[in-house]
file target-v3.tsv (TSV, C-alpha atoms)
chain	number	residue	atom	x	y	z
A	1347	MET	CA	-31.46	39.66	2.99
A	1348	PHE	CA	-27.79	39.92	2.02
A	1349	PRO	CA	-25.27	37.58	0.44
A	1350	TYR	CA	-22.57	36.71	2.95
A	1351	VAL	CA	-18.93	36.00	3.33
A	1352	VAL	CA	-18.50	33.70	6.34
A	1353	PHE	CA	-15.29	33.05	8.24
A	1354	ALA	CA	-14.82	30.17	10.71
A	1355	LEU	CA	-11.78	30.51	12.96
A	1356	LEU	CA	-10.17	28.02	15.29
A	1357	PHE	CA	-9.90	30.09	18.43
A	1358	ALA	CA	-11.88	32.92	19.93
A	1359	PHE	CA	-10.81	36.25	21.30
A	1360	GLY	CA	-14.22	37.08	22.72
A	1361	CYS	CA	-16.44	40.06	22.05
A	1362	VAL	CA	-13.43	42.37	21.83
A	1363	THR	CA	-11.88	41.51	25.22
A	1364	HIS	CA	-13.11	38.13	26.49
A	1365	PRO	CA	-10.93	35.18	25.39
A	1366	SER	CA	-12.24	31.62	25.04
A	1367	HIS	CA	-11.32	28.43	23.18
A	1368	GLY	CA	-14.52	27.49	21.37
A	1369	ALA	CA	-15.66	27.53	17.79
A	1370	GLU	CA	-15.44	31.14	16.65
A	1371	VAL	CA	-17.49	32.38	13.72
A	1372	LYS	CA	-17.62	35.80	12.07
A	1373	VAL	CA	-20.32	36.49	9.51
A	1374	LYS	CA	-19.92	39.45	7.14
A	1375	ASP	CA	-22.47	41.12	4.87
A	1376	LYS	CA	-22.23	42.15	1.21
A	1377	ASP	CA	-20.27	45.24	2.19
A	1378	ASP	CA	-17.74	43.07	3.99
A	1379	LYS	CA	-18.92	44.37	7.36
A	1380	LEU	CA	-19.23	42.14	10.38
A	1381	CYS	CA	-22.91	41.44	11.14
A	1382	LEU	CA	-22.78	38.42	13.50
A	1383	TYR	CA	-20.14	37.17	15.90
A	1384	ALA	CA	-20.19	33.98	17.96
A	1385	ASN	CA	-17.85	31.92	20.09
A	1386	VAL	CA	-19.51	28.87	21.61
A	1387	MET	CA	-18.71	25.62	23.37
A	1388	VAL	CA	-21.26	22.80	23.18
A	1389	ASN	CA	-21.14	19.26	24.54
A	1390	PHE	CA	-23.55	16.68	23.12
A	1391	SER	CA	-24.84	13.36	24.44
A	1392	VAL	CA	-27.08	11.32	22.12
A	1393	SER	CA	-28.92	8.12	22.97
A	1394	TYR	CA	-29.24	5.68	20.05
A	1395	MET	CA	-30.05	2.02	19.33
A	1396	THR	CA	-27.42	-0.42	18.06
A	1397	SER	CA	-27.78	-3.46	15.82
A	1398	GLU	CA	-27.35	-5.55	18.99
A	1399	ASN	CA	-30.64	-4.11	20.30
A	1400	LYS	CA	-28.81	-2.11	22.97
A	1401	THR	CA	-29.10	1.56	23.81
A	1402	GLU	CA	-25.79	3.41	23.69
A	1403	LEU	CA	-24.88	6.96	24.69
A	1404	ALA	CA	-22.54	8.83	22.35
A	1405	GLU	CA	-20.77	11.82	23.90
A	1406	PHE	CA	-18.87	14.38	21.83
A	1407	GLU	CA	-18.26	18.09	21.59
A	1408	LEU	CA	-18.58	20.82	19.01
A	1409	PRO	CA	-15.09	21.02	17.50
A	1410	SER	CA	-13.26	24.31	17.09
A	1411	GLU	CA	-12.93	23.67	13.36
A	1412	VAL	CA	-16.36	24.23	11.81
A	1413	MET	CA	-17.85	25.31	8.50
A	1414	SER	CA	-20.32	28.17	8.58
A	1415	SER	CA	-22.22	27.87	5.31
A	1416	GLY	CA	-25.87	28.75	5.89
A	1417	SER	CA	-25.15	31.47	8.45
A	1418	LYS	CA	-26.94	34.71	7.60
A	1419	CYS	CA	-28.00	38.09	8.93
A	1420	ASP	CA	-31.06	40.24	8.35
A	1421	LYS	CA	-32.47	43.37	9.92
A	1422	THR	CA	-34.69	41.46	12.34
A	1423	SER	CA	-33.42	37.87	12.15
A	1424	SER	CA	-30.06	36.13	12.13
A	1425	THR	CA	-28.98	32.51	11.87
A	1426	LEU	CA	-25.72	30.98	13.04
A	1427	ASN	CA	-25.19	27.63	11.29
A	1428	LEU	CA	-22.21	25.41	12.12
A	1429	ASN	CA	-21.44	22.26	10.11
A	1430	PHE	CA	-18.95	19.74	11.45
A	1431	GLY	CA	-17.85	16.15	11.23
A	1432	ALA	CA	-19.54	13.70	8.85
A	1433	GLY	CA	-22.84	15.42	8.20
A	1434	HIS	CA	-23.60	17.02	11.59
A	1435	SER	CA	-24.83	20.58	12.09
A	1436	TRP	CA	-25.80	22.94	14.91
A	1437	SER	CA	-27.72	26.16	14.30
A	1438	ILE	CA	-29.27	28.87	16.42
A	1439	ASN	CA	-31.87	31.41	15.25
A	1440	PHE	CA	-32.14	34.96	16.63
A	1441	THR	CA	-34.87	37.58	16.29
A	1442	LEU	CA	-34.75	41.29	17.03
A	1443	ASP	CA	-37.71	43.13	18.57
A	1444	GLY	CA	-37.04	46.84	18.90
A	1445	ASN	CA	-33.77	47.18	20.78
A	1446	VAL	CA	-33.80	43.71	22.29
A	1447	TYR	CA	-32.93	40.37	20.70
A	1448	GLN	CA	-33.10	36.72	21.75
A	1449	ALA	CA	-32.39	33.16	20.60
A	1450	ASP	CA	-35.64	31.56	19.48
A	1451	SER	CA	-34.47	28.02	18.79
A	1452	ILE	CA	-31.53	25.67	18.44
A	1453	THR	CA	-31.58	22.94	15.78
A	1454	PHE	CA	-29.13	20.07	16.13
A	1455	SER	CA	-28.86	17.53	13.29
A	1456	TYR	CA	-26.80	14.38	13.74
A	1457	ASN	CA	-25.90	11.69	11.21
A	1458	LEU	CA	-26.35	8.21	12.68
A	1459	ASN	CA	-24.39	6.83	9.71
A	1460	ASP	CA	-21.21	8.34	11.18
A	1461	SER	CA	-19.69	5.19	12.68
A	1462	SER	CA	-16.92	7.14	14.41
A	1463	ILE	CA	-19.54	8.59	16.76
A	1464	PHE	CA	-22.41	6.09	16.48
A	1465	PRO	CA	-20.78	2.66	16.03
A	1466	LYS	CA	-23.18	-0.19	15.18
A	1467	SER	CA	-26.15	2.19	14.93
A	1468	VAL	CA	-29.20	0.33	13.65
A	1469	LEU	CA	-30.35	3.52	11.92
A	1470	THR	CA	-28.40	5.42	9.29
A	1471	ASP	CA	-30.65	8.48	9.06
A	1472	THR	CA	-29.83	12.08	9.85
A	1473	LEU	CA	-32.11	13.12	12.72
A	1474	SER	CA	-32.87	16.63	14.01
A	1475	VAL	CA	-34.07	18.05	17.31
A	1476	ASN	CA	-35.32	21.57	18.01
A	1477	MET	CA	-34.77	23.13	21.43
A	1478	ARG	CA	-35.21	26.53	23.02
A	1479	PRO	CA	-32.28	28.01	24.98
A	1480	GLN	CA	-32.49	30.57	27.77
A	1481	ILE	CA	-30.78	33.30	25.75
A	1482	THR	CA	-33.21	36.20	26.04
A	1483	ASP	CA	-33.48	39.95	26.67
A	1484	ILE	CA	-30.17	40.91	25.07
A	1485	SER	CA	-29.86	44.64	24.45
A	1486	MET	CA	-28.75	45.88	21.05
A	1487	ASN	CA	-25.09	46.85	20.83
A	1488	THR	CA	-24.19	44.37	23.56
A	1489	CYS	CA	-22.67	40.92	23.42
A	1490	TYR	CA	-24.38	38.04	25.27
A	1491	SER	CA	-21.95	36.36	27.65
A	1492	CYS	CA	-22.54	33.18	29.68
A	1493	LYS	CA	-19.68	31.15	31.16
A	1494	SER	CA	-22.05	28.96	33.19
A	1495	GLU	CA	-23.39	25.69	31.85
A	1496	GLU	CA	-26.90	25.52	30.36
A	1497	THR	CA	-28.17	22.02	29.67
A	1498	ILE	CA	-31.04	21.67	27.20
A	1499	GLN	CA	-32.75	18.30	26.89
A	1500	SER	CA	-34.96	16.30	24.61
A	1501	ASP	CA	-35.87	12.62	24.89
A	1502	SER	CA	-32.71	11.34	23.20
A	1503	VAL	CA	-30.38	14.36	23.05
A	1504	ASN	CA	-28.75	16.55	25.70
A	1505	GLN	CA	-26.83	19.71	24.83
A	1506	THR	CA	-24.70	21.63	27.30
A	1507	LEU	CA	-23.74	25.17	26.29
A	1508	TRP	CA	-20.96	27.02	28.12
A	1509	ASN	CA	-18.47	29.82	27.57
A	1510	VAL	CA	-20.98	31.34	25.16
A	1511	LEU	CA	-20.21	34.72	23.60
A	1512	ILE	CA	-22.60	35.99	20.90
A	1513	GLU	CA	-23.54	39.26	19.26
A	1514	ALA	CA	-26.26	38.55	16.71
A	1515	PHE	CA	-27.01	42.04	15.36
A	1516	ILE	CA	-23.80	44.05	15.00
A	1517	SER	CA	-24.12	47.73	14.06
A	1518	ASN	CA	-21.76	49.25	11.51
A	1519	GLY	CA	-19.50	46.21	11.47
A	1520	THR	CA	-18.01	46.88	14.92
A	1521	GLN	CA	-18.24	44.43	17.83
A	1522	SER	CA	-19.54	45.90	21.04
A	1523	GLU	CA	-17.41	46.22	24.14
A	1524	ASN	CA	-20.53	45.97	26.34
A	1525	LEU	CA	-21.89	42.69	27.70
A	1526	THR	CA	-25.31	41.34	28.60
A	1527	THR	CA	-24.37	38.72	31.20
A	1528	CYS	CA	-26.62	35.71	31.80
A	1529	SER	CA	-28.37	35.42	35.16
A	1530	ALA	CA	-26.48	32.22	36.02
A	1531	ASP	CA	-23.17	34.10	35.94
A	1532	LEU	CA	-24.60	36.91	38.06
A	1533	ASN	CA	-26.12	34.62	40.69
A	1534	THR	CA	-23.25	32.16	41.18
A	1535	THR	CA	-19.59	32.33	41.91
A	1536	PRO	CA	-17.23	31.22	39.14
A	1537	THR	CA	-16.89	27.46	38.81
A	1538	ALA	CA	-14.56	25.16	36.97
A	1539	SER	CA	-15.29	24.38	33.36
A	1540	PRO	CA	-17.39	21.28	32.73
A	1541	THR	CA	-15.58	18.00	32.27
A	1542	THR	CA	-14.15	17.88	28.78
A	1543	VAL	CA	-15.56	15.05	26.74
A	1544	ALA	CA	-13.94	13.37	23.78
A	1545	PRO	CA	-14.01	15.19	20.44
A	1546	VAL	CA	-15.71	13.79	17.38
A	1547	THR	CA	-13.56	10.64	17.42
A	1548	ASN	CA	-15.11	9.45	20.67
A	1549	THR	CA	-16.18	6.17	22.14
A	1550	THR	CA	-19.59	5.24	23.50
A	1551	THR	CA	-20.80	3.94	26.83
A	1552	SER	CA	-23.77	1.68	27.48
A	1553	THR	CA	-26.81	3.20	29.16
A	1554	HIS	CA	-30.54	2.66	29.44
A	1555	ALA	CA	-31.63	6.29	29.63
A	1556	PRO	CA	-30.91	9.64	27.95
A	1557	THR	CA	-28.54	10.67	30.77
A	1558	THR	CA	-26.49	9.07	33.51
A	1559	SER	CA	-26.70	9.52	37.27
A	1560	PRO	CA	-26.07	7.53	40.48
A	1561	ALA	CA	-27.79	4.16	40.45
A	1562	PRO	CA	-31.31	4.21	41.97
A	1563	THR	CA	-31.48	2.91	45.51
A	1564	LEU	CA	-35.27	2.83	45.98
A	1565	PRO	CA	-37.87	0.36	44.70
A	1566	THR	CA	-39.82	1.36	41.60
A	1567	PRO	CA	-42.40	3.97	42.63
A	1568	THR	CA	-46.14	3.37	42.32
A	1569	THR	CA	-47.82	4.52	39.12
A	1570	GLY	CA	-50.37	7.28	39.65
A	1571	ARG	CA	-53.24	8.53	37.49
A	1572	PHE	CA	-53.57	12.31	37.50
A	1573	THR	CA	-56.27	14.39	35.79
A	1574	ILE	CA	-57.16	18.07	35.55
A	1575	LYS	CA	-60.75	19.21	34.86
A	1576	PRO	CA	-61.87	22.78	34.05
A	1577	ASP	CA	-64.71	22.27	36.57
A	1578	GLU	CA	-66.50	19.46	38.37
A	1579	ASN	CA	-69.04	18.98	35.59
A	1580	SER	CA	-66.51	18.74	32.76
A	1581	THR	CA	-64.40	15.91	31.43
A	1582	ALA	CA	-60.62	15.93	31.87
A	1583	CYS	CA	-58.56	18.43	29.86
A	1584	LEU	CA	-55.18	17.05	31.02
A	1585	LEU	CA	-54.30	13.39	31.57
A	1586	ALA	CA	-51.11	11.99	33.06
A	1587	ASN	CA	-50.17	8.49	34.17
A	1588	PHE	CA	-46.70	7.83	35.53
A	1589	ALA	CA	-44.53	6.70	38.42
A	1590	LEU	CA	-42.02	9.33	39.47
A	1591	ARG	CA	-38.83	9.63	41.49
A	1592	ILE	CA	-36.48	12.56	42.01
A	1593	GLY	CA	-32.74	12.38	42.66
A	1594	VAL	CA	-31.22	15.28	44.58
A	1595	LYS	CA	-27.53	16.17	44.81
A	1596	GLN	CA	-26.20	18.44	47.56
A	1597	GLY	CA	-22.44	18.59	47.60
A	1598	GLU	CA	-21.20	15.03	48.08
A	1599	LYS	CA	-24.60	13.77	49.23
A	1600	TYR	CA	-27.21	12.18	46.98
A	1601	GLN	CA	-30.79	11.34	47.96
A	1602	GLU	CA	-33.74	9.89	46.08
A	1603	ILE	CA	-37.42	10.38	46.87
A	1604	ASN	CA	-40.37	8.50	45.35
A	1605	LEU	CA	-43.66	10.27	44.72
A	1606	ASP	CA	-46.49	8.44	46.49
A	1607	PRO	CA	-49.58	8.99	44.32
A	1608	ASN	CA	-51.86	7.80	47.13
A	1609	MET	CA	-50.67	10.68	49.33
A	1610	THR	CA	-50.60	13.33	46.60
A	1611	THR	CA	-53.00	16.16	45.86
A	1612	VAL	CA	-53.43	17.24	42.25
A	1613	SER	CA	-54.03	20.71	40.84
A	1614	GLY	CA	-53.25	22.60	37.68
A	1615	SER	CA	-54.74	24.33	34.68
A	1616	CYS	CA	-55.48	23.80	31.01
A	1617	GLY	CA	-54.92	26.51	28.43
A	1618	VAL	CA	-54.73	26.90	24.70
A	1619	ASN	CA	-50.96	27.30	24.66
A	1620	THR	CA	-49.92	26.35	28.19
A	1621	SER	CA	-51.06	23.67	30.64
A	1622	GLU	CA	-49.74	22.89	34.10
A	1623	LEU	CA	-49.84	19.88	36.41
A	1624	VAL	CA	-48.96	20.43	40.08
A	1625	LEU	CA	-48.46	17.47	42.42
A	1626	VAL	CA	-48.11	18.01	46.16
A	1627	SER	CA	-47.14	15.24	48.60
A	1628	ASN	CA	-45.66	15.25	52.08
A	1629	ALA	CA	-42.18	14.89	50.62
A	1630	MET	CA	-42.26	17.13	47.55
A	1631	THR	CA	-44.06	19.57	45.32
A	1632	ILE	CA	-43.50	19.22	41.59
A	1633	ALA	CA	-44.91	21.49	38.88
A	1634	LEU	CA	-44.82	20.37	35.24
A	1635	THR	CA	-45.48	23.02	32.59
A	1636	PHE	CA	-46.42	22.01	29.04
A	1637	VAL	CA	-46.48	24.26	25.99
A	1638	ASN	CA	-48.28	23.93	22.67
A	1639	ASP	CA	-47.00	25.43	19.40
A	1640	THR	CA	-50.19	24.37	17.50
A	1641	LYS	CA	-48.46	21.36	15.95
A	1642	LYS	CA	-46.61	19.73	18.83
A	1643	PHE	CA	-46.62	19.88	22.60
A	1644	ARG	CA	-43.72	19.34	24.97
A	1645	LEU	CA	-42.74	19.52	28.62
A	1646	GLN	CA	-40.95	22.86	28.89
A	1647	ALA	CA	-40.50	23.45	32.61
A	1648	VAL	CA	-40.02	21.42	35.78
A	1649	ASN	CA	-40.06	23.04	39.22
A	1650	VAL	CA	-39.36	20.89	42.29
A	1651	THR	CA	-39.37	21.69	45.99
A	1652	ALA	CA	-38.58	18.83	48.38
A	1653	SER	CA	-37.98	18.25	52.09
A	1654	LEU	CA	-34.76	16.27	52.45
A	1655	SER	CA	-33.85	13.82	55.20
A	1656	SER	CA	-31.27	16.34	56.45
A	1657	GLY	CA	-34.08	18.82	57.16
A	1658	VAL	CA	-33.02	21.09	54.31
A	1659	VAL	CA	-35.67	22.38	51.89
A	1660	PHE	CA	-34.41	21.77	48.36
A	1661	SER	CA	-35.64	23.78	45.36
A	1662	GLU	CA	-34.58	23.56	41.69
A	1663	ALA	CA	-36.17	24.45	38.35
A	1664	ASN	CA	-35.49	24.40	34.61
A	1665	SER	CA	-37.73	26.21	32.15
A	1666	SER	CA	-35.93	25.41	28.87
A	1667	LEU	CA	-36.66	21.69	28.47
A	1668	THR	CA	-37.83	19.88	25.36
A	1669	LEU	CA	-39.17	16.61	26.76
A	1670	TRP	CA	-42.18	14.34	26.14
A	1671	GLU	CA	-42.78	15.83	22.69
A	1672	ALA	CA	-45.70	14.64	20.56
A	1673	ALA	CA	-48.23	15.95	18.05
A	1674	VAL	CA	-51.14	17.94	19.48
A	1675	GLY	CA	-54.16	15.65	19.53
A	1676	SER	CA	-52.09	12.62	20.49
A	1677	SER	CA	-50.49	11.49	23.76
A	1678	TYR	CA	-46.86	10.81	24.60
A	1679	MET	CA	-45.94	7.39	26.00
A	1680	CYS	CA	-42.76	5.89	27.41
A	1681	ASN	CA	-43.16	2.74	29.51
A	1682	LYS	CA	-39.46	2.14	30.06
A	1683	GLU	CA	-37.55	3.92	32.79
A	1684	GLN	CA	-36.38	7.38	31.78
A	1685	ASN	CA	-33.73	9.41	33.59
A	1686	TYR	CA	-33.48	13.14	32.93
A	1687	THR	CA	-30.93	15.58	34.31
A	1688	ILE	CA	-33.13	18.61	34.95
A	1689	THR	CA	-30.31	20.61	36.54
A	1690	SER	CA	-26.88	19.69	37.86
A	1691	GLN	CA	-28.54	19.08	41.27
A	1692	LEU	CA	-31.80	17.45	40.15
A	1693	ASN	CA	-32.60	14.24	38.30
A	1694	LEU	CA	-36.09	13.10	37.31
A	1695	PHE	CA	-36.93	9.41	36.86
A	1696	THR	CA	-40.18	8.32	35.20
A	1697	PHE	CA	-41.78	4.90	34.68
A	1698	ASN	CA	-44.92	3.80	32.79
A	1699	LEU	CA	-45.35	7.32	31.46
A	1700	GLN	CA	-48.28	8.57	29.36
A	1701	VAL	CA	-49.30	12.22	29.19
A	1702	GLN	CA	-51.69	14.34	27.15
A	1703	PRO	CA	-51.85	18.00	28.24
A	1704	PHE	CA	-53.86	19.31	25.25
A	1705	ALA	CA	-56.79	18.33	23.03
A	1706	VAL	CA	-58.15	15.59	25.29
A	1707	LYS	CA	-61.39	14.15	23.92
A	1708	LYS	CA	-64.04	12.42	26.05
A	1709	GLY	CA	-61.65	12.22	28.97
A	1710	VAL	CA	-59.44	9.46	27.51
A	1711	PHE	CA	-55.97	9.31	26.01
A	1712	SER	CA	-55.63	9.70	22.25
A	1713	THR	CA	-53.33	7.49	20.18
A	1714	ALA	CA	-49.87	7.50	21.73
A	1715	GLU	CA	-46.56	8.49	20.16
A	1716	GLU	CA	-43.96	6.21	21.71
A	1717	CYS	CA	-40.54	7.26	22.89
A	1718	PHE	CA	-37.48	5.91	21.11
A	1719	LEU	CA	-36.68	3.44	23.89
A	1720	ASP	CA	-40.14	1.87	23.58
A	1721	SER	CA	-39.93	1.51	19.82
A	1722	ASP	CA	-39.47	-2.14	18.79
A	1723	LEU	CA	-36.41	-2.37	16.59
A	1724	SER	CA	-35.58	-5.92	17.65
A	1725	PHE	CA	-36.99	-7.36	14.41
A	1726	LEU	CA	-34.05	-5.79	12.57
A	1727	VAL	CA	-31.52	-7.84	14.51
A	1728	PRO	CA	-32.45	-11.33	13.16
A	1729	ILE	CA	-32.73	-9.84	9.67
A	1730	ALA	CA	-29.22	-8.42	9.93
A	1731	VAL	CA	-27.90	-11.71	11.33
A	1732	GLY	CA	-29.60	-13.66	8.53
A	1733	VAL	CA	-28.11	-11.42	5.85
A	1734	ALA	CA	-24.66	-11.73	7.42
A	1735	LEU	CA	-24.90	-15.53	7.58
A	1736	SER	CA	-26.10	-15.73	3.98
A	1737	PHE	CA	-23.18	-13.60	2.86
A	1738	LEU	CA	-20.78	-15.81	4.83
A	1739	ILE	CA	-22.17	-19.00	3.28
A	1740	VAL	CA	-21.81	-17.56	-0.23
A	1741	LEU	CA	-18.26	-16.44	0.56
A	1742	VAL	CA	-17.27	-19.90	1.86
A	1743	LEU	CA	-18.85	-21.59	-1.17
A	1744	LEU	CA	-17.00	-19.32	-3.60
A	1745	SER	CA	-13.71	-19.91	-1.77
A	1746	TYR	CA	-14.28	-23.68	-1.98
A	1747	LEU	CA	-15.06	-23.59	-5.73
A	1748	ILE	CA	-12.03	-21.41	-6.49
A	1749	GLY	CA	-9.77	-23.65	-4.43
A	1750	ARG	CA	-11.11	-26.78	-6.12
A	1751	ARG	CA	-10.58	-25.28	-9.58
A	1752	LYS	CA	-6.98	-24.41	-8.76
A	1753	SER	CA	-6.45	-27.96	-7.48
A	1754	ARG	CA	-7.67	-29.48	-10.74
A	1755	THR	CA	-5.41	-27.18	-12.77
A	1756	GLY	CA	-2.46	-28.40	-10.75
A	1757	TYR	CA	-3.23	-32.05	-11.44
A	1758	GLN	CA	-3.46	-31.43	-15.23
A	1759	SER	CA	-0.03	-29.81	-15.33
A	1760	VAL	CA	1.51	-32.91	-13.73
call {"tool": "encode", "arguments": {"input": "target-v3.tsv", "output": "structure tokens"}}
result
Amino acid sequence: MFPYVVFALLFAFGCVTHPSHGAEVKVKDKDDKLCLYANVMVNFSVSYMTSENKTELAEFELPSEVMSSGSKCDKTSSTLNLNFGAGHSWSINFTLDGNVYQADSITFSYNLNDSSIFPKSVLTDTLSVNMRPQITDISMNTCYSCKSEETIQSDSVNQTLWNVLIEAFISNGTQSENLTTCSADLNTTPTASPTTVAPVTNTTTSTHAPTTSPAPTLPTPTTGRFTIKPDENSTACLLANFALRIGVKQGEKYQEINLDPNMTTVSGSCGVNTSELVLVSNAMTIALTFVNDTKKFRLQAVNVTASLSSGVVFSEANSSLTLWEAAVGSSYMCNKEQNYTITSQLNLFTFNLQVQPFAVKKGVFSTAEECFLDSDLSFLVPIAVGVALSFLIVLVLLSYLIGRRKSRTGYQSV
């Protein structure tokens, strides 16, 4: 591994010929040769709890002015690390296999003590989320280019990447003029850039879910109990309880469909590293794919096909999610309504959710890890109010004593 000289610039000029306006970073090795180049735009939305026991959604973007300490290159691995604002950071790790490289993970750390982004946050910790982007199969001596939006989700954090331009393993210090273009750019016509959100000095908007969408128009769906067994004589290897609704956008039209568990057939599979739950009703087919990294499991992919009221067959999928994450050997639970933007055309609503796709014992759920929205932080509110009132009483008492002392001094002088 080499020592590095890292340069963070305000504006990008692309991999040689493709201009953009994101955060541009050039990483150089000990010989002062360029070894990693990146120009990226990222929008963040973070759900957090306030001292008023409300859930707020902070929206902000990766600024063009960033610090790049921690970025590094190696022969088979590279890390782009961007530090910004009051203790926030965004990093992406790359690995090289032969003549092809990919992004293995994105780590986003955000400081809830930054009141300019998270006003009235009940927590003051710095939290981190790990996600996997769809940046794969990039040939050596080419620059990865993706103008289209890619939204990556976890339970409390959404990240939208766009206008991405990266070359993670640069040969001989010279940026390539060749591009590896993402499939989204190849399969769609150019679209307008996503709506620009406020920079780091943003405001927040009230919400009750990780993302926003049109208000539900249907009654709460019925909760179903779904199980997968390896065979008829075995106990369940996958357990899932939830009520589910999808929201579908087609142009200016928006439609919601509830899953009826009483009219749904269940299938799927259980594996060591991957498990799948497939639900088929008259209105929709939904496939949920879970992955296991030996320590934690998560929902990685959602694939939905639905018959709409217009007669159109709708189909959307996302295979780079980081949802419903919990330790292997436990279950994930979230009783409150959750709203996830799976793609720009598909929203997923869940209610009374509990899932365990791995390490099920005796056919019952293990101890649950609760989602953030279910966690009971309300006890902190009366404590904070009590402390504030105590401080106010002390302040009033001190003001009274000081004023009385000054009054007595005045009488003596007369």
call {"tool": "closest_residue", "arguments": {"input": "target-v3.tsv", "among": "A:Lys1682, A:Arg1644, A:Lys1466, A:Arg1571", "to": "Phe1711 of chain A", "atoms": "all atoms listed in the file"}}
result
A:Arg1571
call {"tool": "atom_distance", "arguments": {"input": "target-v3.tsv", "atom1": "atom CA of Lys1708 of chain A", "atom2": "atom CA of Lys1641 of chain A"}}
result
20.6 Å
call {"tool": "atom_distance", "arguments": {"input": "target-v3.tsv", "atom1": "atom CA of Val1701 of chain A", "atom2": "atom CA of Leu1458 of chain A"}}
result
28.6 Å
call {"tool": "residues_around", "arguments": {"input": "target-v3.tsv", "residues": "Gly1433 of chain A", "least_positions_apart": "5", "cutoff": "9 Å", "atoms": "only C-alpha atoms", "output": "mmCIF file with C-alpha atoms, in the coordinates of the input"}}
result
data_model
loop_
_atom_site.group_PDB
_atom_site.id
_atom_site.type_symbol
_atom_site.label_atom_id
_atom_site.label_comp_id
_atom_site.auth_asym_id
_atom_site.auth_seq_id
_atom_site.Cartn_x
_atom_site.Cartn_y
_atom_site.Cartn_z
ATOM 1 C CA SER A 1455 -28.860 17.530 13.290
ATOM 2 C CA TYR A 1456 -26.800 14.380 13.740
ATOM 3 C CA ASN A 1457 -25.900 11.690 11.210
ATOM 4 C CA ASN A 1459 -24.390 6.830 9.710
ATOM 5 C CA ASP A 1460 -21.210 8.340 11.180
ATOM 6 C CA THR A 1472 -29.830 12.080 9.850
#
call {"tool": "closest_residue", "arguments": {"input": "target-v3.tsv", "among": "A:Val1710, A:Ala1384, A:Ala1652, A:Leu1590", "to": "Asp1606 of chain A", "atoms": "only C-alpha atoms"}}
result
A:Leu1590
